[in-house]
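*Asks:* Quick one: the structure is below, and I'll ask about it shortly.
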Amino acid sequence: MSAEASPDRADLVGDTPTAAPEPQPLRAVHTPNFPAILRRLGASLLVTTYQAGKLVMVRDEGDHLNTHFRSFQAPMGLAIEGGRLAIGTSVQVWEFVDVPAVTAKLEPPGRHDGCFLPRSCPGTRNIQSHEMAWGNG
């Protein structure tokens, strides 16, 4: 059987492997009034997307949005309460805590109202945690 006809070598052309396509950079598009809505609410927005494997943090930056991406293994669920943030992935639950002393050191001064740092990350096996909330107890 030739290399071209072999199903387990379908990615080869002759004997030269084909390169995997470069992943496209993530981009965000928003309506013109969205930054003003976040500004009026005094809020930021956190979005998980398991397809891209990202947590997207969105905040107002005047006439546009600032989007910041962090990679996780299939992030799905999200819960925030006070100074705690939990992100559920396909096999872990990340817990973050707000550390005001670190927030005070971020540039530019006075721009950031929180800095969540990882506290724990227990493995859970394949639970795919879509819905999350902090409980009492």
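Ligands are numbered from 1 in the order shown, residues from 1 within each chain, and chains are lettered A, B, ... in the order they appear in the structure tokens.
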As a ChimeraX atom specification, please: every residue in segment 28-62 of chain A that a backbone DSSP assignment puts in alpha helix (DSSP H).
*Replies:* /A:34-41
*Asks:* Using only C-alpha atoms, which protein or nucleic acid residues come within 12 Å of segment 71-83 of chain A? Drop anything in the same chain fewer than 6 positions from it, and give the result as a CSV table (one decimal) with N, CA and C atoms, in the first residue's frame.
*Replies:*
```
chain,number,residue,atom,x,y,z
A,26,LEU,N,-8.1,35.3,18.5
A,26,LEU,CA,-9.5,35.6,18.9
A,26,LEU,C,-9.7,37.1,18.8
A,45,LEU,N,-17.5,41.9,32.6
A,45,LEU,CA,-18.2,40.7,32.1
A,45,LEU,C,-17.2,39.6,32.0
A,46,LEU,N,-17.6,38.4,32.6
A,46,LEU,CA,-16.7,37.2,32.4
A,46,LEU,C,-17.5,36.2,31.5
A,47,VAL,N,-16.9,35.7,30.5
A,47,VAL,CA,-17.6,34.7,29.6
A,47,VAL,C,-16.7,33.5,29.5
A,48,THR,N,-17.2,32.3,29.6
A,48,THR,CA,-16.5,31.1,29.3
A,48,THR,C,-16.9,30.6,27.9
A,49,THR,N,-15.9,30.0,27.2
A,49,THR,CA,-16.2,29.4,26.0
A,49,THR,C,-15.4,28.1,25.9
A,50,TYR,N,-16.1,27.0,26.1
A,50,TYR,CA,-15.3,25.7,26.1
A,50,TYR,C,-14.8,25.4,24.7
A,51,GLN,N,-15.5,25.9,23.6
A,51,GLN,CA,-15.0,25.5,22.3
A,51,GLN,C,-13.6,26.1,22.0
A,52,ALA,N,-13.4,27.3,22.5
A,52,ALA,CA,-12.1,28.0,22.3
A,52,ALA,C,-11.2,27.7,23.5
A,53,GLY,N,-11.7,27.2,24.6
A,53,GLY,CA,-10.9,26.9,25.7
A,53,GLY,C,-10.4,28.2,26.4
A,54,LYS,N,-11.3,29.2,26.5
A,54,LYS,CA,-11.0,30.5,27.0
A,54,LYS,C,-11.9,31.0,28.1
A,55,LEU,N,-11.4,31.8,29.0
A,55,LEU,CA,-12.2,32.7,29.8
A,55,LEU,C,-11.9,34.1,29.2
A,56,VAL,N,-13.0,34.8,28.9
A,56,VAL,CA,-12.9,36.1,28.3
A,56,VAL,C,-13.3,37.1,29.4
A,57,MET,N,-12.5,38.1,29.7
A,57,MET,CA,-12.8,39.1,30.6
A,57,MET,C,-13.0,40.4,29.8
A,89,THR,N,-14.2,23.5,34.7
A,89,THR,CA,-13.8,23.1,33.4
A,89,THR,C,-14.2,21.6,33.3
A,90,SER,N,-13.8,21.0,32.2
A,90,SER,CA,-14.2,19.6,32.0
A,90,SER,C,-13.7,18.6,33.1
A,91,VAL,N,-12.6,18.9,33.7
A,91,VAL,CA,-12.0,18.0,34.7
A,91,VAL,C,-11.5,18.7,36.0
A,92,GLN,N,-11.8,19.9,36.2
A,92,GLN,CA,-11.3,20.7,37.3
A,92,GLN,C,-12.2,21.8,37.7
A,93,VAL,N,-12.1,22.2,39.0
A,93,VAL,CA,-12.8,23.4,39.4
A,93,VAL,C,-11.7,24.3,40.0
A,94,TRP,N,-11.4,25.4,39.3
A,94,TRP,CA,-10.4,26.4,39.7
A,94,TRP,C,-11.1,27.4,40.7
A,95,GLU,N,-10.4,27.6,41.8
A,95,GLU,CA,-10.9,28.6,42.8
A,95,GLU,C,-9.9,29.8,42.8
A,96,PHE,N,-10.4,31.0,42.7
A,96,PHE,CA,-9.5,32.2,42.7
A,96,PHE,C,-10.0,33.1,43.9
A,97,VAL,N,-9.1,33.8,44.5
A,97,VAL,CA,-9.5,34.8,45.5
A,97,VAL,C,-8.9,36.2,45.1
A,98,ASP,N,-9.7,37.2,45.4
A,98,ASP,CA,-9.3,38.6,45.2
A,98,ASP,C,-8.2,38.9,46.2
A,99,VAL,N,-7.1,39.5,45.8
A,99,VAL,CA,-6.0,39.9,46.7
A,99,VAL,C,-5.8,41.4,46.5
A,100,PRO,N,-6.5,42.2,47.4
A,100,PRO,CA,-6.4,43.7,47.3
A,100,PRO,C,-5.0,44.2,47.3
A,113,ASP,N,-10.0,47.2,40.1
A,113,ASP,CA,-10.7,47.0,41.4
A,113,ASP,C,-10.6,45.6,41.9
A,114,GLY,N,-9.9,44.8,41.3
A,114,GLY,CA,-9.7,43.4,41.8
A,114,GLY,C,-8.6,42.7,41.1
A,115,CYS,N,-8.0,41.7,41.8
A,115,CYS,CA,-7.0,40.9,41.2
A,115,CYS,C,-7.2,39.5,41.7
A,116,PHE,N,-7.7,38.6,41.0
A,116,PHE,CA,-8.0,37.3,41.4
A,116,PHE,C,-6.9,36.3,41.1
A,117,LEU,N,-6.4,35.7,42.2
A,117,LEU,CA,-5.2,34.8,42.0
A,117,LEU,C,-5.7,33.4,42.4
A,118,PRO,N,-5.1,32.4,41.7
A,118,PRO,CA,-5.5,31.0,42.0
A,118,PRO,C,-5.2,30.6,43.4
A,119,ARG,N,-6.2,29.9,44.0
A,119,ARG,CA,-6.1,29.4,45.4
A,119,ARG,C,-6.0,27.9,45.4
A,121,CYS,N,-7.1,24.1,42.9
A,121,CYS,CA,-7.6,23.5,41.6
A,121,CYS,C,-7.7,22.0,41.7
A,123,GLY,N,-8.8,18.3,41.1
A,123,GLY,CA,-9.3,17.5,39.9
A,123,GLY,C,-10.6,16.9,40.2
A,126,ASN,N,-14.2,13.8,34.7
A,126,ASN,CA,-15.0,14.4,33.6
A,126,ASN,C,-16.4,14.7,34.1
A,127,ILE,N,-16.5,15.9,34.7
A,127,ILE,CA,-17.9,16.3,35.2
A,127,ILE,C,-18.5,17.4,34.3
A,128,GLN,N,-17.7,18.1,33.5
A,128,GLN,CA,-18.2,19.1,32.6
A,128,GLN,C,-19.2,20.0,33.3
A,129,SER,N,-18.7,20.8,34.2
A,129,SER,CA,-19.5,21.7,35.1
A,129,SER,C,-20.1,22.9,34.4
A,130,HIS,N,-21.3,22.8,33.9
A,130,HIS,CA,-21.9,23.9,33.2
A,130,HIS,C,-22.5,25.0,34.1
A,131,GLU,N,-23.2,24.5,35.1
A,131,GLU,CA,-23.9,25.4,36.0
A,131,GLU,C,-23.2,25.4,37.4
A,132,MET,N,-22.8,26.6,37.9
A,132,MET,CA,-22.1,26.6,39.2
A,132,MET,C,-22.7,27.7,40.0
A,133,ALA,N,-22.6,27.6,41.4
A,133,ALA,CA,-23.0,28.6,42.3
A,133,ALA,C,-22.3,28.3,43.6
A,134,TRP,N,-22.1,29.3,44.4
A,134,TRP,CA,-21.5,29.2,45.8
A,134,TRP,C,-22.6,28.8,46.7
A,135,GLY,N,-22.4,27.8,47.5
A,135,GLY,CA,-23.4,27.3,48.5
A,135,GLY,C,-23.2,27.8,49.9
A,136,ASN,N,-24.1,27.6,50.7
A,136,ASN,CA,-23.9,27.9,52.1
A,136,ASN,C,-23.4,26.7,52.9
```
*Asks:* Within segment 13-57 of chain A, find each residue whose DSSP state, derived from the backbone, is strand (DSSP E), and express the selection as a VMD selection string.
*Replies:* chain A and resid 13 16 to 17 45 to 49 54 to 57
*Asks:* Put those residues in a file: C-alpha atoms, as a PDB file, in the first residue's frame.
*Replies:*
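The resulting out_8.pdb:
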```pdb
ATOM      1  CA  VAL A  13       1.778  14.252   0.856  1.00  0.00           C
ATOM      2  CA  THR A  16       6.418  15.243   3.687  1.00  0.00           C
ATOM      3  CA  PRO A  17       4.005  15.974   6.567  1.00  0.00           C
ATOM      4  CA  LEU A  45     -18.249  40.712  32.149  1.00  0.00           C
ATOM      5  CA  LEU A  46     -16.731  37.230  32.367  1.00  0.00           C
ATOM      6  CA  VAL A  47     -17.558  34.732  29.619  1.00  0.00           C
ATOM      7  CA  THR A  48     -16.480  31.106  29.304  1.00  0.00           C
ATOM      8  CA  THR A  49     -16.205  29.357  25.970  1.00  0.00           C
ATOM      9  CA  LYS A  54     -10.956  30.513  27.025  1.00  0.00           C
ATOM     10  CA  LEU A  55     -12.180  32.686  29.837  1.00  0.00           C
ATOM     11  CA  VAL A  56     -12.909  36.107  28.327  1.00  0.00           C
ATOM     12  CA  MET A  57     -12.779  39.132  30.615  1.00  0.00           C
TER      13      MET A  57
END
```
*Asks:* Take atom CA of Arg39 of chain A and atom CA of Thr103 of chain A and report the distance between them in Å, one decimal.
*Replies:*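 We find that atom CA of Arg39 of chain A and atom CA of Thr103 of chain A lie 19.6 Å from each other.
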*Asks:* Can you list, as a list in words, every protein, DNA or RNA residue that comes within 12 Å of Asn33 of chain A when you count only C-alpha atoms, leaving out same-chain residues fewer than 2 positions away?
*Replies:* Val29, His30, Thr31, Pro35, Ala36, Ile37, Leu38, Arg39, Arg40, Asp60, Gly62, Asp63, His64 and Leu65 of chain A
